[in-house]
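Novice: One structure coming up, written as structure tokens, with questions to follow.
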Amino acid sequence: MEINILIGGAAGQGMETIMNLLGKTLVREGFGLIYTKDYMSRVRGGHNFSRLRIAPGTPWSTVESVDILVALNEETYNLHRDNLTPSGRVIYDPQLFSIPENENRGIPVELQKLAEEAGGKVMANTVAVGALLVLIGLETPTVEELLKDTFAGKEGVAGKNITALKAGYDAAARFCSACFDLPPKNEDGKKLFIDGNQVLGMAAMSSGCRFLSAYPMTPSTGIMNYLAGKSPDYPVIVEQAEDEIAAINMALGASYTGVRSMTCTSGGGFSLMVEGVSLAGMIETPIVVVVAMRPGPATGLPTRTEQADLEFILHSGHGEFPRAVLSATSHEDAFYRLNKAFELADRYQTPIFFLSDQNFADTHRSVEPYDFSRLGYNRQLAEEGSLEKPYQRYRITDNGISPRALPGQFENEVVLVDSDEHDEKGNIIEDAATRRAMVEKRMRKLDSLAEEMDEPDLYGDPHPEVLLIGWGSTYGVIREAVDALIALGTKTAMLHFSDLWPLPQKRLRSLLAEVENSYCVENNAGGQLSALIRRESGLSIGGLILKYDGRPFLSREIVEEVQDDL
Amino acid sequence: MTCKAEHYIIGETAWCPGCGNFAIREALAGALAEHCLESHQVLLVSGIGQAAKIPHYIRVNGFNGLHGRALSPAVGARVANHNLKVIVESGDGDSYGEGGNHFIHNIRRNPDIAHFVHDNQVYGLTKGQASPTSDPGMVTGVQVEGVTVSPLNPLSLALVMGAGFVARCFSGEKEHLKETMKEAINFSGYALIDILQPCPSFNKVNTRGWYKKRVYFPEIEDPRDWSAAMDLSRQWGEQIPLGIFYNNPHRTFEESRAALEGEPLSFRPFDPQEMSGLQEEFL
Ligand SMILES: Cc1ncc(C[n+]2csc(CCOP(=O)(O)OP(=O)(O)O)c2C)c(N)n1
Ligand code: SF4
Ligand SMILES: [Mg+2]
């Protein structure tokens with residue numbers, strides 16, 4: 001029992017408004033859902049669409065089949081009509097195009113005309129929401145409430161939208177009312193309706209990040225927007241840098257001086273940052289770098305998804321220094337994991353990477369409210385009582401971590417950092433012995449850093465014949481593929497990495513010893529996790545299930561590839 | 001704290017004998033002493049080059065970062081702790097070449113930073129290639145036919161971009177340099193001093209004598225007269241004017257951000273649990 005809705009049109013037609021309104025309404029009503037976007041890198045025109053899947057619990061991925069198609073233009077109808085289920089219906093504006101007579105699944109709603117009658121063409125989207133509501137058997141009050149919230153202080157606008165909503169509702173009601181069955185509601189309390197970038201933005205704010213310097217780049221920009229939106233009310237500064245080089249260097253300056261800092265970008269922007277990454281490693285200054293991946297090389301497919309920058313991030317920055325690489329696997333987990341990135345950065349005084357991608361960044365899901373008491377804010381700064389004077393920024397210690405003081409923190413003590421090789425005080429040196437000692441000090445941090453990595457998540461059959469290995473945003477879709485394969489009688493499990501470097505290997509080693517058929521499922525062409533596993537553990541993964549057309553996996557595709565191979 | 005210039009001078013330098021960098025360091029130490037700024041209250045940020053080694057030779061907080069990237073961490077530092085006096089000191093190659101984009105955009109940003117450029121019109125550390133300010137015709141190991149590109153005029157560029165404090169000094173006029181540094185440090189906003197500095201090792205054209213013969217102190221009647229400043233900034237050749245050409249503060253980066261009012265961000269307490277209200281908008 002589930003409903004799949006697809007809304008499509010040209011860029012600028014406002015699919016997002018419809019989905020946000022509908023999605024939030026459904027979540028407030030208690031339904032579990034996921035909403036994904038497929039959009040082009042343009043501001044007007046082209047073909048953009050969004051999918052909304054309402055299913056029991058909280059669905060993990062969207063599917064191809066469509067129960068309700070909202071075609072804001074004819075192209076959308078032509079492109080997606082073949083995916084309509086036998087009982088599928090199409091909401092369209094008969095003033096824009098018509099559906100052949102023999103197709104009785106059309107629900108003509110004069111979106112524009114009704115909107116104009118309600119007070120303006122811009123409200124065509126609200127008319128569409130009204131039509132959708134009646135099809136799935138919901139009443140209008142929750143949306144009305146939302147519209148009032150959205151347009152608080154602008155009663156007139158809210159009122160007109162409500163008129164538009166009801167007009168859409170009434171128009172569609174003439175054709176079909178509650179002709180789709182909603183799944184059961186979740187009874188376990190309120191849920192959030194939130195997308196990946198918002199999860200990361202909120203996690204950064206709640207981790208005490210007080211400075212974000214970045215240069216806009218899809219699909220990371222939502223994080224910037226989120227923090228900037230908070231800056232008038234919270235002690236956080238968002239600075240749009242002149243380029244990504246400035247972005248990371250500014251963040252490092254702020255971090256050195258004492259605030260939790262981060263930068264966010266996508267692959268191309270990250271290419272400009274790598275010298276700064278190396279600087280962070282050398283001056284041992286904490287920084288969190290969020291890289292929201294999109295397909296490359298170069299400008300690639302700006303608004304689409306890929307997982308092809310793992311190798312790049314692992315090796316970014318010249319020279320040798322410790323780093324950790326974490327990834328966004330699900331909305332549930334990413335909130336806490338980005339906090340972990342900040343905690344690790346402060347503890348190990350080295351760059352920590354957080355890999356996201358368009359698929360995660362732009363996807364909304366309904367999730368349990370977060371438990372803020374699970375978040376850490378341990379700055380690990382030197383304290384007056386234990387400070388050895390004169391202070392030395394790079395004091396050699398057993399675990400390689402030097403007490404970190406801030407400029408201005410202690411009377412008459414200075415903090416000197418240097419991108420040249422340096423001695424304990426931070427002064428430039430060139431002698432071999434000090435160089436050796438400093439390299440070893442920095443690299444020693446890796447030993448304890450490796451202990452901090454979480455083992456990959458194991459899901460599915462406890463004694464699998466098939467093991468699907470993944471990382472990052474494919475968590476949900478692989479999970480659904482596992483369920484599907486189990487339902488088809490194949491004992492399947494998933495091993496999913498959120499912490500990628502230093503690569504945790506215990507679970508991997510024990511499982512690979514037992515399982516006959518293992519596959520790495522990756523949104524790239526090279527099988528980068530598979531290569532990493534081989535390099536680090538000497539273990540070979542049996543097969544690769546790869547997708548690199550810029551689109552996220554469908555669980556069906558994974559299931560079929562496994563079945564074909566077995 | 002005694003506020004003596006000697007207090008700030010530390011370290012054995014890697015500079016060549018006769019280099020203008022020594023006088024610049026002394027002027028800076030003098031300026032810090034006369035403002036009686038304590039070592040922990042000052043942050044000196046630099047990039048890479050001979051000039052950029054200065055954080056090792058002055059006892060204050062130091063961030064010796066990447067080539068061309070001195071201004072960016074300095075801005076970050078101002079965000080984190082606006083109680084620190086932040087001074088950026090670097091070479092002409094670092095500031096105007098590799099760091100040109102940051103130079104332009106930080107004038108727009110107008111953070112409260114004093115930027116002292118050791119302008120020896122050459123790349124010292126990498127052994128004598130042309131810098132953005134090298135005079136046309138200068139022959140180097142790379143510019144074997146002489147420099148053919150036109151020089152970048154940092155002062156005119158700064159004025160065009162709207163910098164509030166624009167000055168030129170000469171390392172051979174140490175007292176004037178110190179006084180100008182003091183003003184730049186106290187100036188509210190981005191303050192640029194382009195400091196002419198002989199490099200006896202690699203710049204055989206613009207020698208100490210060459211500068212000495214040309215520099216003069218023009219009468220500057222109104223330091224808020226932008227056109228007069230522009231005229232001075234364009235004088236080069238037989239006569240090279242020194243002084244604060246322009247001094248006209250405007251709203252700083254820090255003043256325009258509400259979050260920077262009050263205690264520095266670095267020292268404000270934080271508790272993640274107090275942030276749980278953030279999720280309400282998603283309910
Ligand atoms: C990214 C990068 N490119 C090149 C260099 C090499 N390099 C170091 S200093 C320098 C030029 C220094 O010239 P300037 O800034 O004028 O300083 P000076 O030595 O003259 O004081 C160059 C090219 C570097 N360190 N980093
Ligand atoms: S190379 Fe030139 S600028 Fe550098 S220290 Fe030597 S003389 Fe001074
Ligand atoms: Mg130079």
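Labels used: A, B, ... for chains in the order of the structure tokens, numbers from 1 for residues in each chain, and numbers from 1 for ligands as shown.
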With a cut-off of 6 Å and counting only C-alpha atoms, select all residues of chain A in contact with chain B and give the selection as a ChimeraX atom specification.

Specialist: /A:192-193,206,235,246,249-251,253-254,257-259,372-373,408,412-419

Novice: Give me, as a JSON list (two decimals) with N, CA and C atoms, in the first residue's frame, the residues of range 22-53 of chain B that a backbone DSSP run labels strand (DSSP E or B).

Specialist:
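The file below, selection.json, is the result:
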[["chain", "number", "residue", "atom", "x", "y", "z"],
["B", 42, "VAL", "N", 48.26, 40.53, 19.45],
["B", 42, "VAL", "CA", 48.52, 40.83, 18.05],
["B", 42, "VAL", "C", 48.66, 39.54, 17.27],
["B", 43, "LEU", "N", 48.16, 39.55, 16.04],
["B", 43, "LEU", "CA", 48.34, 38.39, 15.16],
["B", 43, "LEU", "C", 48.96, 38.89, 13.86],
["B", 44, "LEU", "N", 50.06, 38.26, 13.51],
["B", 44, "LEU", "CA", 50.74, 38.60, 12.27],
["B", 44, "LEU", "C", 50.53, 37.45, 11.29],
["B", 45, "VAL", "N", 49.91, 37.75, 10.17],
["B", 45, "VAL", "CA", 49.62, 36.70, 9.19],
["B", 45, "VAL", "C", 50.46, 36.96, 7.94],
["B", 46, "SER", "N", 51.03, 35.91, 7.39],
["B", 46, "SER", "CA", 51.82, 36.10, 6.18],
["B", 46, "SER", "C", 51.60, 34.94, 5.23]]

Novice: Around ligand 1, out to 8 Å and counting only C-alpha atoms and all ligand atoms, which residues are there? I want them as a VMD selection string.

Specialist: (chain A and resid 275) or (chain B and resid 47 to 52 66 to 68 90 to 95 97 to 98 118 to 128 131 199)

Novice: Check range 175-302 of chain A with DSSP on the backbone and list each residue it calls helix (DSSP H, G or I), as number ranges by chain.

Specialist: A: 196-206, 221-230, 244-257, 267-283

Novice: Would you write out those residues with N, CA and C atoms, as a compact mmCIF listing (two decimals), in the first residue's frame?

Specialist:
# COMPACT_ATOMS: atom_id res chain seq x y z
N GLY A 196 18.59 16.78 2.89
CA GLY A 196 19.94 16.47 3.33
C GLY A 196 20.76 17.70 3.67
N ASN A 197 20.70 18.71 2.83
CA ASN A 197 21.47 19.92 3.12
C ASN A 197 20.99 20.59 4.41
N GLN A 198 19.70 20.53 4.64
CA GLN A 198 19.18 21.11 5.88
C GLN A 198 19.65 20.31 7.09
N VAL A 199 19.70 18.98 6.93
CA VAL A 199 20.20 18.14 8.02
C VAL A 199 21.64 18.57 8.36
N LEU A 200 22.45 18.74 7.32
CA LEU A 200 23.86 19.08 7.56
C LEU A 200 23.99 20.50 8.10
N GLY A 201 23.18 21.40 7.59
CA GLY A 201 23.23 22.77 8.09
C GLY A 201 22.86 22.82 9.56
N MET A 202 21.81 22.11 9.91
CA MET A 202 21.36 22.11 11.31
C MET A 202 22.39 21.43 12.20
N ALA A 203 23.01 20.37 11.66
CA ALA A 203 24.05 19.67 12.43
C ALA A 203 25.24 20.59 12.67
N ALA A 204 25.60 21.36 11.67
CA ALA A 204 26.74 22.28 11.83
C ALA A 204 26.42 23.33 12.90
N MET A 205 25.24 23.92 12.78
CA MET A 205 24.82 24.92 13.77
C MET A 205 24.85 24.33 15.17
N SER A 206 24.34 23.11 15.28
CA SER A 206 24.19 22.49 16.60
C SER A 206 25.50 21.91 17.11
N THR A 221 25.18 24.20 -1.99
CA THR A 221 24.78 25.57 -1.63
C THR A 221 23.69 25.62 -0.56
N GLY A 222 22.87 24.57 -0.51
CA GLY A 222 21.80 24.55 0.49
C GLY A 222 22.32 24.66 1.91
N ILE A 223 23.52 24.16 2.14
CA ILE A 223 24.11 24.23 3.48
C ILE A 223 24.41 25.70 3.81
N MET A 224 24.97 26.37 2.81
CA MET A 224 25.28 27.79 2.96
C MET A 224 24.00 28.59 3.23
N ASN A 225 22.97 28.27 2.45
CA ASN A 225 21.70 28.97 2.63
C ASN A 225 21.16 28.76 4.03
N TYR A 226 21.26 27.53 4.50
CA TYR A 226 20.72 27.23 5.82
C TYR A 226 21.42 28.07 6.89
N LEU A 227 22.74 28.02 6.90
CA LEU A 227 23.47 28.75 7.95
C LEU A 227 23.29 30.26 7.81
N ALA A 228 23.29 30.72 6.56
CA ALA A 228 23.12 32.17 6.36
C ALA A 228 21.76 32.60 6.90
N GLY A 229 20.77 31.74 6.71
CA GLY A 229 19.43 32.06 7.19
C GLY A 229 19.38 32.19 8.70
N LYS A 230 20.29 31.51 9.39
CA LYS A 230 20.31 31.57 10.85
C LYS A 230 21.14 32.74 11.36
N GLU A 244 37.14 29.40 -3.91
CA GLU A 244 37.23 28.33 -2.93
C GLU A 244 38.57 28.34 -2.20
N ILE A 245 39.57 28.94 -2.85
CA ILE A 245 40.88 29.02 -2.19
C ILE A 245 40.74 29.92 -0.96
N ALA A 246 40.10 31.05 -1.17
CA ALA A 246 39.86 31.95 -0.04
C ALA A 246 38.98 31.27 0.99
N ALA A 247 37.99 30.52 0.51
CA ALA A 247 37.03 29.89 1.44
C ALA A 247 37.75 29.02 2.46
N ILE A 248 38.60 28.14 1.99
CA ILE A 248 39.23 27.23 2.95
C ILE A 248 40.28 27.96 3.78
N ASN A 249 40.96 28.91 3.19
CA ASN A 249 41.97 29.64 3.98
C ASN A 249 41.33 30.53 5.04
N MET A 250 40.20 31.12 4.73
CA MET A 250 39.47 31.91 5.74
C MET A 250 39.04 31.00 6.87
N ALA A 251 38.49 29.85 6.51
CA ALA A 251 38.01 28.93 7.54
C ALA A 251 39.16 28.50 8.44
N LEU A 252 40.33 28.31 7.84
CA LEU A 252 41.48 27.90 8.65
C LEU A 252 41.92 29.02 9.59
N GLY A 253 41.85 30.25 9.11
CA GLY A 253 42.22 31.38 9.97
C GLY A 253 41.27 31.48 11.15
N ALA A 254 39.99 31.28 10.89
CA ALA A 254 39.00 31.36 11.96
C ALA A 254 39.17 30.21 12.94
N SER A 255 39.48 29.04 12.41
CA SER A 255 39.64 27.87 13.27
C SER A 255 40.89 28.03 14.15
N TYR A 256 41.97 28.46 13.55
CA TYR A 256 43.21 28.72 14.30
C TYR A 256 42.94 29.70 15.45
N THR A 257 42.11 30.69 15.15
CA THR A 257 41.83 31.73 16.15
C THR A 257 40.76 31.29 17.14
N GLY A 267 32.92 18.90 -6.13
CA GLY A 267 34.24 18.48 -6.61
C GLY A 267 35.09 19.59 -7.24
N GLY A 268 34.50 20.36 -8.14
CA GLY A 268 35.26 21.40 -8.82
C GLY A 268 35.81 22.43 -7.86
N GLY A 269 34.99 22.86 -6.94
CA GLY A 269 35.44 23.83 -5.94
C GLY A 269 36.46 23.20 -5.02
N PHE A 270 36.26 21.93 -4.74
CA PHE A 270 37.21 21.27 -3.86
C PHE A 270 38.58 21.18 -4.52
N SER A 271 38.58 21.04 -5.85
CA SER A 271 39.87 21.03 -6.56
C SER A 271 40.69 22.27 -6.21
N LEU A 272 40.01 23.39 -6.08
CA LEU A 272 40.72 24.63 -5.74
C LEU A 272 41.17 24.65 -4.29
N MET A 273 40.58 23.84 -3.48
CA MET A 273 40.87 23.91 -2.04
C MET A 273 42.05 23.06 -1.60
N VAL A 274 42.52 22.18 -2.47
CA VAL A 274 43.40 21.13 -1.94
C VAL A 274 44.69 21.63 -1.32
N GLU A 275 45.23 22.73 -1.79
CA GLU A 275 46.45 23.23 -1.15
C GLU A 275 46.13 23.61 0.31
N GLY A 276 44.91 24.13 0.50
CA GLY A 276 44.47 24.49 1.84
C GLY A 276 44.27 23.26 2.73
N VAL A 277 43.88 22.17 2.12
CA VAL A 277 43.74 20.91 2.87
C VAL A 277 45.11 20.50 3.40
N SER A 278 46.08 20.59 2.54
CA SER A 278 47.44 20.24 2.92
C SER A 278 47.93 21.18 4.03
N LEU A 279 47.58 22.45 3.91
CA LEU A 279 47.95 23.42 4.95
C LEU A 279 47.34 23.02 6.29
N ALA A 280 46.07 22.64 6.27
CA ALA A 280 45.41 22.22 7.51
C ALA A 280 46.16 21.07 8.15
N GLY A 281 46.60 20.11 7.31
CA GLY A 281 47.35 18.97 7.82
C GLY A 281 48.66 19.42 8.45
N MET A 282 49.32 20.38 7.80
CA MET A 282 50.63 20.83 8.27
C MET A 282 50.53 21.69 9.52
N ILE A 283 49.60 22.63 9.53
CA ILE A 283 49.53 23.51 10.70
C ILE A 283 48.66 22.90 11.80

Novice: So which residues touch Arg507 in chain A within 8 Å, counting only C-alpha atoms, skipping near sequence neighbours fewer than 4 positions away, as a short mmCIF file (atom, residue, chain, number, x, y, z; two decimals) with N, CA, C and O atoms, in the first residue's frame?

Specialist:
data_model
loop_
_atom_site.label_atom_id
_atom_site.label_comp_id
_atom_site.auth_asym_id
_atom_site.auth_seq_id
_atom_site.Cartn_x
_atom_site.Cartn_y
_atom_site.Cartn_z
N GLU A 455 32.36 0.80 12.48
CA GLU A 455 32.27 -0.31 11.54
C GLU A 455 31.05 -0.08 10.65
O GLU A 455 30.08 0.56 11.06
N PRO A 456 31.08 -0.61 9.43
CA PRO A 456 29.94 -0.42 8.53
C PRO A 456 28.67 -1.06 9.09
O PRO A 456 28.73 -2.04 9.82
N LEU A 511 32.97 -11.00 7.36
CA LEU A 511 31.89 -11.33 6.43
C LEU A 511 32.38 -11.88 5.10
O LEU A 511 31.86 -12.86 4.57
#

Novice: Just want the 12 Å neighbourhood of Lys113 in chain A, counted on only C-alpha atoms, with same-chain residues fewer than 6 positions away dropped. Output as a VMD selection string.

Specialist: chain A and resid 93 to 96 119 to 125 127 to 128 164 167 to 168 171

Novice: Can you pull out every residue within 9 Å of range 223-240 of chain B, counting only C-alpha atoms, but drop anything in the same chain fewer than 5 positions away, and send it as a compact mmCIF listing (two decimals) with all heavy atoms, in the first residue's frame?

Specialist:
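Output below, filename around08.txt:
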# COMPACT_ATOMS: atom_id res chain seq x y z
N ASN B 153 49.80 48.51 -10.51
CA ASN B 153 49.95 49.63 -9.59
C ASN B 153 49.05 49.38 -8.38
O ASN B 153 47.84 49.59 -8.43
CB ASN B 153 49.54 50.93 -10.29
CG ASN B 153 49.75 52.15 -9.40
OD1 ASN B 153 49.62 52.07 -8.19
ND2 ASN B 153 50.07 53.28 -10.02
N PRO B 154 49.63 48.91 -7.29
CA PRO B 154 48.80 48.48 -6.16
C PRO B 154 48.02 49.63 -5.53
O PRO B 154 46.89 49.44 -5.07
CB PRO B 154 49.80 47.90 -5.16
CG PRO B 154 51.13 48.45 -5.55
CD PRO B 154 51.07 48.74 -7.03
N LEU B 155 48.62 50.81 -5.52
CA LEU B 155 47.96 51.92 -4.83
C LEU B 155 46.77 52.43 -5.64
O LEU B 155 45.69 52.69 -5.09
CB LEU B 155 48.96 53.03 -4.54
CG LEU B 155 50.15 52.58 -3.66
CD1 LEU B 155 51.05 53.76 -3.35
CD2 LEU B 155 49.67 51.94 -2.37
N SER B 156 46.97 52.56 -6.96
CA SER B 156 45.85 52.98 -7.80
C SER B 156 44.73 51.95 -7.73
O SER B 156 43.55 52.29 -7.62
CB SER B 156 46.29 53.14 -9.25
OG SER B 156 47.29 54.12 -9.37
N LEU B 159 42.87 52.22 -4.55
CA LEU B 159 42.00 53.41 -4.54
C LEU B 159 40.75 53.17 -5.38
O LEU B 159 39.63 53.50 -4.97
CB LEU B 159 42.77 54.63 -5.04
CG LEU B 159 43.76 55.22 -4.03
CD1 LEU B 159 44.73 56.17 -4.73
CD2 LEU B 159 43.02 55.94 -2.90
N VAL B 160 40.96 52.60 -6.56
CA VAL B 160 39.82 52.34 -7.44
C VAL B 160 38.82 51.39 -6.76
O VAL B 160 37.61 51.55 -6.89
CB VAL B 160 40.31 51.76 -8.78
CG1 VAL B 160 39.17 51.11 -9.54
CG2 VAL B 160 40.93 52.86 -9.62
N GLY B 164 40.11 52.40 2.15
CA GLY B 164 39.99 53.60 2.98
C GLY B 164 41.33 54.17 3.42
O GLY B 164 41.41 55.32 3.84
N VAL B 166 45.38 54.25 2.12
CA VAL B 166 46.34 53.86 1.09
C VAL B 166 47.61 54.67 1.27
O VAL B 166 47.58 55.91 1.22
CB VAL B 166 45.73 54.10 -0.31
CG1 VAL B 166 46.74 53.77 -1.41
CG2 VAL B 166 44.47 53.28 -0.50
N ALA B 167 48.73 53.99 1.47
CA ALA B 167 49.98 54.70 1.74
C ALA B 167 51.15 54.05 1.04
O ALA B 167 51.11 52.85 0.72
CB ALA B 167 50.23 54.72 3.25
N ARG B 168 52.18 54.87 0.81
CA ARG B 168 53.43 54.29 0.30
C ARG B 168 54.55 54.73 1.24
O ARG B 168 54.62 55.88 1.67
CB ARG B 168 53.73 54.76 -1.12
CG ARG B 168 55.16 54.37 -1.56
CD ARG B 168 55.40 54.58 -3.03
NE ARG B 168 54.81 53.51 -3.81
CZ ARG B 168 54.20 53.70 -4.98
NH1 ARG B 168 54.07 54.91 -5.47
NH2 ARG B 168 53.73 52.68 -5.64
N TYR B 211 66.01 54.25 -5.21
CA TYR B 211 64.82 54.74 -4.48
C TYR B 211 65.15 56.07 -3.80
O TYR B 211 64.39 57.02 -3.84
CB TYR B 211 64.38 53.74 -3.41
CG TYR B 211 63.73 52.48 -3.92
CD1 TYR B 211 64.25 51.23 -3.58
CD2 TYR B 211 62.57 52.51 -4.71
CE1 TYR B 211 63.66 50.05 -4.01
CE2 TYR B 211 61.98 51.33 -5.14
CZ TYR B 211 62.52 50.11 -4.80
OH TYR B 211 61.93 48.96 -5.22
N LYS B 213 67.15 58.39 -4.39
CA LYS B 213 67.21 59.54 -5.29
C LYS B 213 65.82 60.05 -5.67
O LYS B 213 65.63 61.20 -6.02
CB LYS B 213 67.94 59.12 -6.57
CG LYS B 213 68.96 60.15 -7.01
CD LYS B 213 69.91 59.73 -8.11
CE LYS B 213 69.36 58.83 -9.18
NZ LYS B 213 70.34 58.00 -9.84
N ARG B 214 64.83 59.19 -5.64
CA ARG B 214 63.52 59.51 -6.20
C ARG B 214 62.44 59.85 -5.18
O ARG B 214 61.50 60.57 -5.50
CB ARG B 214 63.04 58.35 -7.08
CG ARG B 214 63.84 58.21 -8.36
CD ARG B 214 63.58 56.88 -9.05
NE ARG B 214 64.11 56.89 -10.40
CZ ARG B 214 65.39 56.68 -10.70
NH1 ARG B 214 66.27 56.43 -9.74
NH2 ARG B 214 65.81 56.71 -11.95
N VAL B 215 62.55 59.24 -4.00
CA VAL B 215 61.43 59.42 -3.07
C VAL B 215 61.37 60.85 -2.53
O VAL B 215 62.40 61.49 -2.35
CB VAL B 215 61.47 58.42 -1.89
CG1 VAL B 215 61.28 57.01 -2.40
CG2 VAL B 215 62.75 58.55 -1.09
N TYR B 216 60.17 61.34 -2.29
CA TYR B 216 60.00 62.65 -1.67
C TYR B 216 58.67 62.65 -0.92
O TYR B 216 57.83 61.74 -1.12
CB TYR B 216 60.02 63.76 -2.73
CG TYR B 216 58.75 63.85 -3.55
CD1 TYR B 216 57.82 64.88 -3.32
CD2 TYR B 216 58.45 62.92 -4.54
CE1 TYR B 216 56.64 64.96 -4.05
CE2 TYR B 216 57.28 63.01 -5.28
CZ TYR B 216 56.37 64.02 -5.04
OH TYR B 216 55.20 64.09 -5.76
N PHE B 217 58.50 63.60 -0.03
CA PHE B 217 57.27 63.67 0.76
C PHE B 217 56.42 64.83 0.26
O PHE B 217 56.70 65.98 0.56
CB PHE B 217 57.60 63.87 2.24
CG PHE B 217 58.30 62.69 2.84
CD1 PHE B 217 59.70 62.67 2.95
CD2 PHE B 217 57.59 61.59 3.28
CE1 PHE B 217 60.35 61.57 3.48
CE2 PHE B 217 58.25 60.49 3.82
CZ PHE B 217 59.64 60.47 3.92
N PRO B 218 55.40 64.53 -0.51
CA PRO B 218 54.57 65.62 -1.02
C PRO B 218 53.71 66.20 0.10
O PRO B 218 53.46 65.54 1.13
CB PRO B 218 53.68 64.93 -2.05
CG PRO B 218 53.59 63.52 -1.57
CD PRO B 218 54.89 63.21 -0.89
N PHE B 245 48.42 58.65 1.22
CA PHE B 245 47.75 59.35 0.12
C PHE B 245 46.26 59.51 0.40
O PHE B 245 45.64 60.47 -0.01
CB PHE B 245 47.90 58.57 -1.20
CG PHE B 245 49.33 58.40 -1.66
CD1 PHE B 245 49.63 57.55 -2.72
CD2 PHE B 245 50.38 59.09 -1.05
CE1 PHE B 245 50.93 57.40 -3.16
CE2 PHE B 245 51.69 58.94 -1.49
CZ PHE B 245 51.97 58.08 -2.54
N TYR B 246 45.72 58.52 1.06
CA TYR B 246 44.27 58.53 1.28
C TYR B 246 43.96 57.97 2.66
O TYR B 246 44.52 56.94 3.05
CB TYR B 246 43.59 57.69 0.19
CG TYR B 246 42.09 57.89 0.10
CD1 TYR B 246 41.57 59.13 -0.28
CD2 TYR B 246 41.20 56.86 0.40
CE1 TYR B 246 40.19 59.32 -0.37
CE2 TYR B 246 39.83 57.05 0.31
CZ TYR B 246 39.34 58.28 -0.07
OH TYR B 246 37.99 58.47 -0.16
N ASN B 247 43.07 58.64 3.38
CA ASN B 247 42.72 58.19 4.73
C ASN B 247 41.27 58.60 4.99
O ASN B 247 41.00 59.74 5.32
CB ASN B 247 43.67 58.84 5.75
CG ASN B 247 43.42 58.30 7.15
OD1 ASN B 247 42.38 57.67 7.42
ND2 ASN B 247 44.34 58.55 8.06
N ASN B 248 40.39 57.68 4.77
CA ASN B 248 38.97 58.02 4.83
C ASN B 248 38.17 56.76 5.18
O ASN B 248 37.72 56.03 4.31
CB ASN B 248 38.55 58.57 3.45
CG ASN B 248 37.20 59.24 3.51
OD1 ASN B 248 36.60 59.38 4.58
ND2 ASN B 248 36.71 59.65 2.36

Novice: Using only C-alpha atoms, determine which residues lie at most 7 Å from Cys179 in chain A, disregarding the query and same-chain residues fewer than 3 positions distant; provide the list as a list in words.

Specialist: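 The residues satisfying every condition are Leu135, Ile136 and Cys176 of chain A.
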
Novice: Deliver the residues from the most recent selection as a file, using N, CA, C and O atoms, as a PDB file, in the first residue's frame.

Specialist:
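After the write, part30.pdb holds the following:
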ATOM      1  N   LEU A 135      -7.424  13.564  -4.505  1.00  0.00           N
ATOM      2  CA  LEU A 135      -7.139  12.243  -5.080  1.00  0.00           C
ATOM      3  C   LEU A 135      -6.690  11.241  -4.023  1.00  0.00           C
ATOM      4  O   LEU A 135      -7.002  10.059  -4.104  1.00  0.00           O
ATOM      5  N   ILE A 136      -5.900  11.731  -3.067  1.00  0.00           N
ATOM      6  CA  ILE A 136      -5.410  10.798  -2.047  1.00  0.00           C
ATOM      7  C   ILE A 136      -6.303  10.799  -0.803  1.00  0.00           C
ATOM      8  O   ILE A 136      -5.972  10.183   0.209  1.00  0.00           O
ATOM      9  N   CYS A 176     -12.546  12.260  -9.310  1.00  0.00           N
ATOM     10  CA  CYS A 176     -12.202  11.141  -8.449  1.00  0.00           C
ATOM     11  C   CYS A 176     -11.892  11.662  -7.063  1.00  0.00           C
ATOM     12  O   CYS A 176     -11.190  12.654  -6.907  1.00  0.00           O
TER      13      CYS A 176
END

Novice: Could you pull the residues within 10 Å of Leu512 in chain A, counting only C-alpha atoms, minus those fewer than 5 positions along the same chain, as a list of chain:residue names?

Specialist: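 With the cut-off at 10 Å, the set is A:Leu467, A:Arg507, A:Asn517, A:Ser518, A:Leu539, A:Ser540, A:Ile541, A:Gly542.
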
Novice: Looking at B:Leu196, B:Val142, B:Ile113, B:Leu37, which one is nearest to ligand 3, with distances taken over only C-alpha atoms and all ligand atoms?

Specialist: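 Nearest candidate to ligand 3 out of B:Leu196, B:Val142, B:Ile113, B:Leu37: B:Leu196.
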
Novice: Quick one, how far is CA of Arg260 in chain A from CA of Tyr336 in chain A?

Specialist: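 Between these atoms lies a distance of 15.9 Å.
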
Novice: What is the CA of Val289 in chain A to CA of Pro403 in chain A distance in Å?

Specialist: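 About the pair CA of Val289 in chain A and CA of Pro403 in chain A: they are 22.7 Å apart.
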
Novice: Report the distance between CA of Ala405 in chain A and CA of Leu446 in chain A in Å, rounded to one decimal place.

Specialist: 21.4 Å
